[in-house]
$ cat protein.cif   # mmCIF, C-alpha atoms
data_coords
#
loop_
_atom_site.group_PDB
_atom_site.id
_atom_site.type_symbol
_atom_site.label_atom_id
_atom_site.label_comp_id
_atom_site.auth_asym_id
_atom_site.auth_seq_id
_atom_site.Cartn_x
_atom_site.Cartn_y
_atom_site.Cartn_z
ATOM 1 C CA MET A 441 45.828 -5.736 -8.716
ATOM 2 C CA ASN A 442 47.768 -4.029 -5.925
ATOM 3 C CA ILE A 443 47.943 -5.228 -2.314
ATOM 4 C CA HIS A 444 45.322 -2.725 -1.106
ATOM 5 C CA GLU A 445 42.773 -3.867 -3.715
ATOM 6 C CA SER A 446 43.270 -7.518 -2.791
ATOM 7 C CA GLN A 447 42.587 -6.689 0.862
ATOM 8 C CA THR A 448 39.383 -4.748 0.143
ATOM 9 C CA LYS A 449 37.917 -6.832 -2.698
ATOM 10 C CA CYS A 450 34.966 -9.126 -2.059
ATOM 11 C CA VAL A 451 35.753 -12.708 -3.053
ATOM 12 C CA GLU A 452 32.035 -13.444 -3.629
ATOM 13 C CA CYS A 453 31.153 -10.771 -6.194
ATOM 14 C CA GLY A 454 34.440 -8.973 -6.922
ATOM 15 C CA ARG A 455 33.302 -5.603 -5.566
ATOM 16 C CA CYS A 456 36.130 -3.334 -4.399
ATOM 17 C CA CYS A 457 35.447 -1.489 -1.146
ATOM 18 C CA GLN A 458 37.167 1.662 0.078
ATOM 19 C CA ASN A 459 38.464 0.067 3.283
ATOM 20 C CA SER A 460 38.318 -3.111 5.343
ATOM 21 C CA ARG A 461 35.415 -1.815 7.426
ATOM 22 C CA GLU A 462 33.263 -1.282 4.334
ATOM 23 C CA LEU A 463 34.260 -4.758 3.093
ATOM 24 C CA GLU A 464 33.182 -6.298 6.404
ATOM 25 C CA VAL A 465 29.745 -4.649 6.161
ATOM 26 C CA HIS A 466 29.409 -5.640 2.491
ATOM 27 C CA LYS A 467 30.111 -9.328 3.259
ATOM 28 C CA ARG A 468 26.958 -9.380 5.394
ATOM 29 C CA SER A 469 24.888 -9.007 2.222
ATOM 30 C CA HIS A 470 26.173 -12.446 1.166
ATOM 31 C CA SER A 471 26.103 -14.162 4.548
ATOM 32 C CA GLY A 472 22.748 -12.717 5.646
ATOM 33 C CA GLU A 473 24.218 -11.690 8.994
ATOM 34 C CA ARG A 474 22.216 -8.924 10.750
ATOM 35 C CA PRO A 475 23.927 -8.258 14.100
ATOM 36 C CA PHE A 476 21.953 -5.135 15.083
ATOM 37 C CA GLU A 477 18.494 -5.792 16.554
ATOM 38 C CA CYS A 478 15.672 -3.336 17.341
ATOM 39 C CA ALA A 479 14.640 -3.595 21.005
ATOM 40 C CA VAL A 480 11.021 -2.682 20.168
ATOM 41 C CA CYS A 481 10.074 -4.950 17.249
ATOM 42 C CA SER A 482 13.132 -7.294 16.998
ATOM 43 C CA LYS A 483 13.804 -6.342 13.384
ATOM 44 C CA ARG A 484 17.492 -6.858 12.541
ATOM 45 C CA PHE A 485 19.926 -4.803 10.421
ATOM 46 C CA THR A 486 23.343 -5.184 8.834
ATOM 47 C CA GLN A 487 24.527 -1.721 9.919
ATOM 48 C CA LEU A 488 24.177 0.245 13.136
ATOM 49 C CA GLY A 489 23.185 3.399 11.247
ATOM 50 C CA ASN A 490 20.239 1.590 9.689
ATOM 51 C CA LEU A 491 19.095 0.545 13.153
ATOM 52 C CA TYR A 492 19.274 4.162 14.385
ATOM 53 C CA ARG A 493 17.170 5.358 11.448
ATOM 54 C CA HIS A 494 14.660 2.562 12.017
ATOM 55 C CA CYS A 495 14.283 3.408 15.736
ATOM 56 C CA ARG A 496 13.074 6.906 14.846
ATOM 57 C CA MET A 497 9.938 5.269 13.485
ATOM 58 C CA HIS A 498 9.005 3.954 16.940
ATOM 59 C CA VAL A 499 9.580 7.239 18.778
ATOM 60 C CA SER A 500 8.153 9.393 15.946
ATOM 61 C CA ALA A 501 11.390 11.405 15.784
ATOM 62 C CA ARG A 502 11.654 13.526 12.631
ATOM 63 C CA PRO A 503 14.869 15.582 12.926
ATOM 64 C CA TYR A 504 15.034 16.678 9.277
ATOM 65 C CA GLY A 505 12.644 19.562 8.621
ATOM 66 C CA CYS A 506 11.851 21.284 5.342
ATOM 67 C CA HIS A 507 12.437 25.050 5.611
ATOM 68 C CA LEU A 508 9.863 25.719 2.875
ATOM 69 C CA CYS A 509 6.785 23.943 4.244
ATOM 70 C CA ASN A 510 7.812 22.809 7.766
ATOM 71 C CA LYS A 511 7.230 19.147 6.933
ATOM 72 C CA ALA A 512 9.614 16.843 8.842
ATOM 73 C CA PHE A 513 11.240 13.498 7.964
ATOM 74 C CA THR A 514 13.050 10.659 9.716
ATOM 75 C CA GLN A 515 15.898 10.542 7.175
ATOM 76 C CA SER A 516 17.888 13.193 5.337
ATOM 77 C CA THR A 517 17.387 11.315 2.046
ATOM 78 C CA HIS A 518 13.610 11.614 2.471
ATOM 79 C CA LEU A 519 13.965 15.372 3.004
ATOM 80 C CA HIS A 520 16.167 15.695 -0.085
ATOM 81 C CA ARG A 521 13.652 13.757 -2.185
ATOM 82 C CA HIS A 522 10.763 15.857 -0.834
ATOM 83 C CA THR A 523 12.549 19.117 -1.698
ATOM 84 C CA ARG A 524 13.473 17.889 -5.154
ATOM 85 C CA VAL A 525 10.025 16.551 -6.072
ATOM 86 C CA VAL A 526 7.556 18.805 -4.232
ATOM 87 C CA HIS A 527 9.274 22.184 -4.307
ATOM 88 C CA ALA A 528 11.637 21.906 -7.290
ATOM 89 C CA GLY A 529 9.326 19.701 -9.362
ATOM 90 C CA LEU A 530 12.174 17.547 -10.660
ATOM 91 C CA ARG A 531 10.980 14.237 -12.169
ATOM 92 C CA PRO A 532 13.726 13.355 -14.692
ATOM 93 C CA TYR A 533 12.848 9.685 -15.267
ATOM 94 C CA SER A 534 10.217 9.151 -17.956
ATOM 95 C CA CYS A 535 8.360 6.001 -19.046
ATOM 96 C CA ALA A 536 8.797 5.332 -22.777
ATOM 97 C CA GLN A 537 5.313 3.797 -23.088
ATOM 98 C CA CYS A 538 3.065 6.303 -21.322
ATOM 99 C CA ASN A 539 5.389 9.306 -20.727
ATOM 100 C CA ARG A 540 4.684 9.268 -16.978
ATOM 101 C CA THR A 541 7.587 10.803 -15.062
ATOM 102 C CA PHE A 542 9.256 9.772 -11.797
ATOM 103 C CA SER A 543 11.695 11.305 -9.360
ATOM 104 C CA LEU A 544 13.733 8.130 -8.742
ATOM 105 C CA PRO A 545 15.001 5.434 -11.157
ATOM 106 C CA HIS A 546 13.696 2.490 -9.104
ATOM 107 C CA HIS A 547 10.215 4.058 -9.165
ATOM 108 C CA LEU A 548 10.428 4.056 -12.967
ATOM 109 C CA ARG A 549 11.610 0.417 -13.056
ATOM 110 C CA ARG A 550 8.742 -0.653 -10.810
ATOM 111 C CA HIS A 551 6.276 1.245 -13.034
ATOM 112 C CA GLU A 552 7.667 -0.303 -16.256
ATOM 113 C CA ALA A 553 7.174 -3.780 -14.771
ATOM 114 C CA LYS A 554 3.424 -3.043 -14.654
ATOM 115 C CA HIS A 555 3.354 -2.485 -18.424
ATOM 116 C CA SER A 556 4.864 -5.931 -19.018
ATOM 117 C CA ASN A 557 2.832 -7.450 -16.158
ATOM 118 C CA GLU A 558 6.093 -8.957 -14.917
ATOM 119 C CA ARG A 559 5.934 -10.031 -11.251
ATOM 120 C CA PRO A 560 9.362 -11.527 -10.497
ATOM 121 C CA TYR A 561 9.016 -11.488 -6.694
ATOM 122 C CA LYS A 562 7.017 -14.545 -5.568
ATOM 123 C CA CYS A 563 5.624 -15.285 -2.127
ATOM 124 C CA SER A 564 6.879 -18.672 -0.889
ATOM 125 C CA LEU A 565 3.648 -19.248 1.054
ATOM 126 C CA CYS A 566 0.953 -18.513 -1.538
ATOM 127 C CA ASP A 567 2.955 -18.023 -4.788
ATOM 128 C CA LYS A 568 1.463 -14.563 -5.325
ATOM 129 C CA GLY A 569 3.680 -12.353 -7.506
ATOM 130 C CA PHE A 570 4.740 -8.732 -6.982
ATOM 131 C CA PHE A 571 6.415 -5.973 -8.949
ATOM 132 C CA SER A 572 9.000 -5.177 -6.262
ATOM 133 C CA SER A 573 10.712 -6.760 -3.260
ATOM 134 C CA ASP A 574 9.206 -4.077 -0.985
ATOM 135 C CA CYS A 575 5.673 -5.109 -2.002
ATOM 136 C CA LEU A 576 6.565 -8.748 -1.326
ATOM 137 C CA LYS A 577 7.924 -7.905 2.140
ATOM 138 C CA MET A 578 4.723 -6.077 3.063
ATOM 139 C CA HIS A 579 2.618 -8.956 1.714
ATOM 140 C CA VAL A 580 4.491 -11.589 3.769
ATOM 141 C CA ARG A 581 3.494 -9.706 6.920
ATOM 142 C CA ILE A 582 -0.097 -10.801 6.256
ATOM 143 C CA HIS A 583 0.990 -14.433 6.654
ATOM 144 C CA THR A 584 3.309 -13.865 9.625
ATOM 145 C CA GLY A 585 1.248 -11.238 11.456
ATOM 146 C CA TYR A 586 4.360 -9.048 11.805
ATOM 147 C CA LYS A 587 3.336 -5.447 12.636
ATOM 148 C CA PRO A 588 6.418 -3.272 13.175
ATOM 149 C CA HIS A 589 4.679 0.111 12.997
ATOM 150 C CA ILE A 590 3.361 0.902 16.481
ATOM 151 C CA CYS A 591 1.014 3.775 17.308
ATOM 152 C CA SER A 592 2.552 5.856 20.102
ATOM 153 C CA ALA A 593 -0.902 6.942 21.309
ATOM 154 C CA CYS A 594 -2.669 3.586 21.758
ATOM 155 C CA GLY A 595 0.006 0.937 21.131
ATOM 156 C CA LYS A 596 -1.811 -0.633 18.173
ATOM 157 C CA GLY A 597 0.442 -2.254 15.580
ATOM 158 C CA PHE A 598 0.296 -2.030 11.778
ATOM 159 C CA SER A 599 2.107 -3.883 9.015
ATOM 160 C CA GLN A 600 2.619 -0.739 6.890
ATOM 161 C CA SER A 601 3.624 2.799 7.787
ATOM 162 C CA CYS A 602 0.822 4.236 5.625
ATOM 163 C CA GLU A 603 -1.712 2.276 7.705
ATOM 164 C CA LEU A 604 -0.251 3.778 10.873
ATOM 165 C CA SER A 605 -0.400 7.301 9.422
ATOM 166 C CA MET A 606 -4.031 6.859 8.382
ATOM 167 C CA HIS A 607 -4.882 5.381 11.802
ATOM 168 C CA LYS A 608 -3.406 8.423 13.566
ATOM 169 C CA LEU A 609 -5.369 10.802 11.356
ATOM 170 C CA ARG A 610 -8.672 8.944 11.652
ATOM 171 C CA VAL A 611 -8.534 7.939 15.331
ATOM 172 C CA HIS A 612 -6.238 10.362 17.170
ATOM 173 C CA SER A 613 -6.596 13.531 15.120
ATOM 174 C CA ASN A 614 -9.494 15.874 14.529
ATOM 175 C CA ARG A 615 -7.930 17.306 11.373
ATOM 176 C CA ARG A 616 -10.391 17.058 8.478
ATOM 177 C CA PRO A 617 -9.463 19.919 6.110
ATOM 178 C CA TYR A 618 -11.878 19.060 3.272
ATOM 179 C CA HIS A 619 -15.590 19.642 3.879
ATOM 180 C CA CYS A 620 -18.602 18.862 1.713
ATOM 181 C CA PRO A 621 -20.467 22.017 0.588
ATOM 182 C CA TYR A 622 -23.776 20.103 0.561
ATOM 183 C CA CYS A 623 -23.874 18.334 3.934
ATOM 184 C CA GLY A 624 -20.801 19.676 5.750
ATOM 185 C CA LYS A 625 -19.167 16.253 6.198
ATOM 186 C CA LEU A 626 -15.389 16.465 6.691
ATOM 187 C CA PHE A 627 -12.713 14.426 4.902
ATOM 188 C CA LEU A 628 -9.007 13.753 5.275
ATOM 189 C CA ARG A 629 -8.203 13.872 1.565
ATOM 190 C CA SER A 630 -9.507 15.825 -1.402
ATOM 191 C CA ALA A 631 -9.999 12.593 -3.408
ATOM 192 C CA GLU A 632 -12.400 11.315 -0.723
ATOM 193 C CA LEU A 633 -14.348 14.571 -0.921
ATOM 194 C CA ASP A 634 -14.555 14.370 -4.739
ATOM 195 C CA ARG A 635 -15.999 10.858 -4.562
ATOM 196 C CA HIS A 636 -18.461 11.895 -1.861
ATOM 197 C CA VAL A 637 -19.754 14.972 -3.720
ATOM 198 C CA CYS A 638 -20.851 12.728 -6.614
ATOM 199 C CA ILE A 639 -23.466 11.260 -4.255
ATOM 200 C CA HIS A 640 -25.114 14.692 -3.882
ATOM 201 C CA THR A 641 -24.741 15.884 -7.454
ATOM 202 C CA GLY A 642 -25.371 12.568 -9.195
ATOM 203 C CA ALA A 643 -22.463 13.371 -11.510
ATOM 204 C CA LYS A 644 -21.286 10.549 -13.764
ATOM 205 C CA PRO A 645 -18.022 11.753 -15.296
ATOM 206 C CA HIS A 646 -17.000 8.407 -16.821
ATOM 207 C CA SER A 647 -18.731 7.839 -20.167
ATOM 208 C CA CYS A 648 -18.670 4.844 -22.503
ATOM 209 C CA ARG A 649 -17.294 5.541 -25.996
ATOM 210 C CA HIS A 650 -19.514 2.833 -27.529
ATOM 211 C CA CYS A 651 -22.907 3.749 -26.093
ATOM 212 C CA SER A 652 -24.632 6.441 -24.025
ATOM 213 C CA SER A 653 -23.935 4.767 -20.652
ATOM 214 C CA ARG A 654 -22.262 6.908 -18.000
ATOM 215 C CA PHE A 655 -20.823 5.932 -14.647
ATOM 216 C CA MET A 656 -19.944 7.541 -11.350
ATOM 217 C CA TRP A 657 -16.763 5.492 -10.801
ATOM 218 C CA SER A 658 -13.984 4.468 -13.215
ATOM 219 C CA HIS A 659 -14.091 0.778 -12.219
ATOM 220 C CA GLN A 660 -17.797 0.709 -13.178
ATOM 221 C CA LEU A 661 -16.895 1.895 -16.690
ATOM 222 C CA LYS A 662 -14.119 -0.694 -16.977
ATOM 223 C CA ARG A 663 -16.486 -3.489 -15.990
ATOM 224 C CA HIS A 664 -19.151 -2.203 -18.413
ATOM 225 C CA LEU A 665 -16.706 -2.107 -21.345
ATOM 226 C CA LEU A 666 -15.708 -5.694 -20.717
ATOM 227 C CA LYS A 667 -19.183 -7.155 -20.134
ATOM 228 C CA SER A 668 -21.182 -5.132 -22.683
ATOM 229 C CA HIS A 669 -18.666 -4.426 -25.451
ATOM 230 C CA ASP A 670 -16.054 -7.149 -24.909
ATOM 231 C CA GLU A 671 -13.335 -4.530 -24.643
ATOM 232 C CA GLY A 672 -10.550 -5.688 -22.376
ATOM 233 C CA THR A 673 -9.330 -9.027 -21.092
ATOM 234 C CA TRP A 674 -11.291 -11.653 -19.192
ATOM 235 C CA PHE A 675 -9.463 -13.591 -16.497
ATOM 236 C CA THR A 676 -10.495 -17.261 -16.629
ATOM 237 C CA CYS A 677 -10.209 -19.837 -13.865
ATOM 238 C CA GLN A 678 -8.252 -22.894 -15.059
ATOM 239 C CA VAL A 679 -10.266 -25.193 -12.766
ATOM 240 C CA CYS A 680 -13.918 -24.261 -13.394
ATOM 241 C CA ALA A 681 -13.628 -21.867 -16.396
ATOM 242 C CA LYS A 682 -15.417 -19.101 -14.493
ATOM 243 C CA LYS A 683 -14.564 -15.649 -15.850
ATOM 244 C CA PHE A 684 -13.674 -12.503 -13.917
ATOM 245 C CA TRP A 685 -13.193 -8.932 -15.009
ATOM 246 C CA ARG A 686 -10.299 -8.332 -12.580
ATOM 247 C CA ALA A 687 -7.167 -10.442 -12.016
ATOM 248 C CA LEU A 688 -7.527 -9.768 -8.309
ATOM 249 C CA GLU A 689 -10.975 -11.411 -8.228
ATOM 250 C CA LEU A 690 -9.567 -14.452 -10.038
ATOM 251 C CA ARG A 691 -6.830 -14.778 -7.396
ATOM 252 C CA TRP A 692 -9.441 -14.609 -4.629
ATOM 253 C CA HIS A 693 -11.525 -17.235 -6.414
ATOM 254 C CA SER A 694 -8.551 -19.557 -7.110
ATOM 255 C CA ALA A 695 -7.551 -19.535 -3.431
ATOM 256 C CA ARG A 696 -10.765 -21.389 -2.617
ATOM 257 C CA HIS A 697 -9.986 -24.122 -5.166
ATOM 258 C CA GLU A 698 -6.620 -24.642 -3.486
ATOM 259 C CA GLY A 699 -8.414 -25.202 -0.170
ATOM 260 C CA VAL A 700 -5.579 -23.785 1.955
ATOM 261 C CA LYS A 701 -6.299 -21.014 4.444
ATOM 262 C CA LEU A 702 -2.934 -19.259 4.683
ATOM 263 C CA TYR A 703 -4.137 -16.028 6.291
ATOM 264 C CA VAL A 704 -4.337 -16.271 10.087
ATOM 265 C CA CYS A 705 -5.956 -13.682 12.338
ATOM 266 C CA CYS A 706 -3.457 -12.351 14.884
ATOM 267 C CA GLU A 707 -6.178 -11.912 17.522
ATOM 268 C CA CYS A 708 -8.110 -15.200 17.235
ATOM 269 C CA PRO A 709 -7.525 -18.687 15.730
ATOM 270 C CA LYS A 710 -9.657 -18.095 12.626
ATOM 271 C CA ARG A 711 -8.037 -18.651 9.232
ATOM 272 C CA PHE A 712 -8.993 -17.338 5.779
ATOM 273 C CA TYR A 713 -8.382 -18.039 2.102
ATOM 274 C CA THR A 714 -7.519 -14.441 1.141
ATOM 275 C CA GLY A 715 -6.108 -11.322 2.716
ATOM 276 C CA ARG A 716 -9.366 -9.546 1.839
ATOM 277 C CA ASP A 717 -11.360 -12.002 3.949
ATOM 278 C CA LEU A 718 -8.908 -11.596 6.832
ATOM 279 C CA LYS A 719 -9.076 -7.799 6.658
ATOM 280 C CA ARG A 720 -12.876 -7.843 6.531
ATOM 281 C CA HIS A 721 -13.011 -10.194 9.543
ATOM 282 C CA HIS A 722 -10.590 -8.035 11.540
ATOM 283 C CA GLN A 723 -12.542 -4.848 10.849
ATOM 284 C CA LYS A 724 -15.888 -6.426 11.647
ATOM 285 C CA VAL A 725 -14.974 -8.477 14.731
ATOM 286 C CA HIS A 726 -11.909 -6.973 16.406
ATOM 287 C CA LEU A 727 -12.005 -3.261 15.566
ATOM 288 C CA ASP A 728 -14.209 -0.809 17.418
ATOM 289 C CA VAL A 729 -13.509 1.950 14.900
ATOM 290 C CA LYS A 730 -16.351 2.703 12.495
ATOM 291 C CA ARG A 731 -14.388 4.033 9.536
ATOM 292 C CA PHE A 732 -17.240 4.276 7.008
ATOM 293 C CA GLY A 733 -20.114 6.755 7.189
ATOM 294 C CA CYS A 734 -23.286 7.246 5.178
ATOM 295 C CA GLY A 735 -22.965 10.311 2.943
ATOM 296 C CA LEU A 736 -26.637 11.219 3.472
ATOM 297 C CA CYS A 737 -27.353 10.731 7.175
ATOM 298 C CA GLY A 738 -23.860 10.275 8.632
ATOM 299 C CA SER A 739 -24.555 6.884 10.264
ATOM 300 C CA PRO A 740 -21.219 5.146 11.006
ATOM 301 C CA TYR A 741 -20.357 1.546 10.083
ATOM 302 C CA LYS A 742 -17.385 -0.749 10.512
ATOM 303 C CA THR A 743 -17.237 -2.136 6.968
ATOM 304 C CA LYS A 744 -17.685 -0.723 3.485
ATOM 305 C CA ARG A 745 -20.199 -3.452 2.641
ATOM 306 C CA SER A 746 -22.382 -2.439 5.604
ATOM 307 C CA VAL A 747 -22.452 1.247 4.688
ATOM 308 C CA LEU A 748 -23.239 0.464 1.021
ATOM 309 C CA HIS A 749 -26.148 -1.750 2.085
ATOM 310 C CA HIS A 750 -27.393 1.002 4.396
ATOM 311 C CA PHE A 751 -26.946 3.683 1.742
ATOM 312 C CA SER A 752 -29.315 1.947 -0.698
ATOM 313 C CA ARG A 753 -32.016 1.847 1.986
ATOM 314 C CA CYS A 754 -31.284 5.420 3.082
ATOM 315 C CA THR A 755 -31.651 6.670 -0.510
ATOM 316 C CA ASN A 756 -35.046 4.965 -0.899
ATOM 317 C CA ARG A 757 -36.326 6.582 2.307
ATOM 318 C CA LEU A 758 -35.405 10.059 1.064
ATOM 319 C CA ARG A 759 -37.257 9.647 -2.255
#

$ encode --input "protein.cif" --output "structure tokens"
Amino acid sequence: MNIHESQTKCVECGRCCQNSRELEVHKRSHSGERPFECAVCSKRFTQLGNLYRHCRMHVSARPYGCHLCNKAFTQSTHLHRHTRVVHAGLRPYSCAQCNRTFSLPHHLRRHEAKHSNERPYKCSLCDKGFFSSDCLKMHVRIHTGYKPHICSACGKGFSQSCELSMHKLRVHSNRRPYHCPYCGKLFLRSAELDRHVCIHTGAKPHSCRHCSSRFMWSHQLKRHLLKSHDEGTWFTCQVCAKKFWRALELRWHSARHEGVKLYVCCECPKRFYTGRDLKRHHQKVHLDVKRFGCGLCGSPYKTKRSVLHHFSRCTNRLR
């Protein structure tokens, strides 16, 4: 080893850096030091450049524009990935089990973990497991109430950027490009329109391979296969032996056996066993936005449960 390598080599992991400045930044990954703090949300970073990129999220600055479709991005890497995937169609990473392809290697690794059901990233507060560290970080925000994504129009905070984007479209935008040919109702996404149209047509595209039963939604078919034909895996509670057709429902159920309400509402002192209960409470009590509408009469409701209850009564009136 020459003198230059000894001066730029990390003593913790042996990594050789190009210069002393790069070595100094690298050492922060071991020490946990984050000297650069965001003035808006107090999030901290190891490098100044990362802080600059993060700040664009708060001011909605998107300096990198695609010359093919005019879509803009906060980072040049996001633009490069968009061009490669959307316009060039490059997805070189393929799953060996299901042949699904991905544009980035870490997307493939996260997908492969789902095949093995491996969840190596555990929450220290509720022991829930996740496929990736990013999913764990977003989950922890439920416990802490941390909402770094701020709406520039109304100041409302969100824990995930996708929630902020959907909020802007639903609350502050009139853009609804997909309309129902039967009742004229408008939708943000084509998938929402497809689900809605089934209400008018009565279409049941999901059929059982064991009997003549057909279903409107895929989760209804999955539940039918398990309950009627014993195809699939039951999830059993270790405390009371109650069975569930989804692992998620078992986790919700098990939280009540533990008796610890880890999920705290950020707007009132109420606490809840599961994130689902917290979300339902927040939508029903603290939100004025009525996100769900009846597909037949258009009546708006705050929660999905309310609109489903109304829809059954609305259908009976029309018969």

$ atom_distance --input "protein.cif" --atom1 "CA of Asn490 (chain A)" --atom2 "CA of Phe513 (chain A)"
15.0 Å

$ closest_residue --input "protein.cif" --among "A:Arg745, A:Phe675, A:Tyr703, A:His669" --to "Gly585 (chain A)" --atoms "only C-alpha atoms"
A:Tyr703

$ closest_residue --input "protein.cif" --among "A:Thr584, A:Leu727, A:Ser647, A:Cys677" --to "Leu665 (chain A)" --atoms "all atoms listed in the file"
A:Ser647

$ closest_residue --input "protein.cif" --among "A:Leu661, A:Cys734, A:Cys706, A:Tyr586" --to "His722 (chain A)" --atoms "only C-alpha atoms"
A:Cys706

$ closest_residue --input "protein.cif" --among "A:Leu491, A:Ser564, A:Cys453, A:His750" --to "Pro475 (chain A)" --atoms "only C-alpha atoms"
A:Leu491

$ residues_around --input "protein.cif" --residues "region 537-547 of chain A" --least-positions-apart "4" --cutoff "12 Å" --atoms "only C-alpha atoms" --output "PyMOL selection string"
chain A and resi 517-518+520-526+528-533+551-556+571-574

$ closest_residue --input "protein.cif" --among "A:Leu604, A:Cys457, A:Ala536, A:Leu688" --to "Gly569 (chain A)" --atoms "all atoms listed in the file"
A:Leu688

$ resolve_selection --input "protein.cif" --expression "the PyMOL selection byres ((chain A and resi 627-634) around 10)" --output "number ranges by chain"
A: 606, 609-610, 614-621, 624-626, 635-639

$ resolve_selection --input "protein.cif" --expression "the PyMOL selection byres ((chain A and resi 655) around 12)" --output "PyMOL selection string"
chain A and resi 638-639+642-649+651-654+656-665

$ atom_distance --input "protein.cif" --atom1 "CA of Val580 (chain A)" --atom2 "CA of Gly715 (chain A)"
10.7 Å

$ closest_residue --input "protein.cif" --among "A:Lys467, A:His579, A:His527, A:His589" --to "Arg496 (chain A)" --atoms "all atoms listed in the file"
A:His589

$ resolve_selection --input "protein.cif" --expression "the PyMOL selection byres ((chain A and resi 707) around 10)" --output "MDAnalysis selection string"
chainID A and resid 585 704:706 708:710 722 725:726

$ write_last_selection --input "protein.cif" --atoms "C-alpha atoms" --output "tab-separated table (two decimals), in the frame of the given file"
chain	number	residue	atom	x	y	z
A	585	GLY	CA	1.25	-11.24	11.46
A	704	VAL	CA	-4.34	-16.27	10.09
A	705	CYS	CA	-5.96	-13.68	12.34
A	706	CYS	CA	-3.46	-12.35	14.88
A	708	CYS	CA	-8.11	-15.20	17.24
A	709	PRO	CA	-7.52	-18.69	15.73
A	710	LYS	CA	-9.66	-18.10	12.63
A	722	HIS	CA	-10.59	-8.04	11.54
A	725	VAL	CA	-14.97	-8.48	14.73
A	726	HIS	CA	-11.91	-6.97	16.41

$ atom_distance --input "protein.cif" --atom1 "CA of Lys683 (chain A)" --atom2 "CA of Arg716 (chain A)"
19.4 Å

$ residues_around --input "protein.cif" --residues "Cys478 (chain A)" --least-positions-apart "2" --cutoff "9 Å" --atoms "only C-alpha atoms" --output "number ranges by chain"
A: 476, 480-485, 491-492, 494-495

$ write_last_selection --input "protein.cif" --atoms "C-alpha atoms" --output "CSV table (one decimal), keeping the file's coordinate frame"
chain,number,residue,atom,x,y,z
A,476,PHE,CA,22.0,-5.1,15.1
A,480,VAL,CA,11.0,-2.7,20.2
A,481,CYS,CA,10.1,-5.0,17.2
A,482,SER,CA,13.1,-7.3,17.0
A,483,LYS,CA,13.8,-6.3,13.4
A,484,ARG,CA,17.5,-6.9,12.5
A,485,PHE,CA,19.9,-4.8,10.4
A,491,LEU,CA,19.1,0.5,13.2
A,492,TYR,CA,19.3,4.2,14.4
A,494,HIS,CA,14.7,2.6,12.0
A,495,CYS,CA,14.3,3.4,15.7

$ residues_around --input "protein.cif" --residues "His612 (chain A)" --least-positions-apart "3" --cutoff "9 Å" --atoms "all atoms listed in the file" --output "list in words"
Ala593, Cys594, His607, Lys608 and Leu609 of chain A

$ write_last_selection --input "protein.cif" --atoms "C-alpha atoms" --output "tab-separated table (two decimals), in the frame of the given file"
chain	number	residue	atom	x	y	z
A	593	ALA	CA	-0.90	6.94	21.31
A	594	CYS	CA	-2.67	3.59	21.76
A	607	HIS	CA	-4.88	5.38	11.80
A	608	LYS	CA	-3.41	8.42	13.57
A	609	LEU	CA	-5.37	10.80	11.36
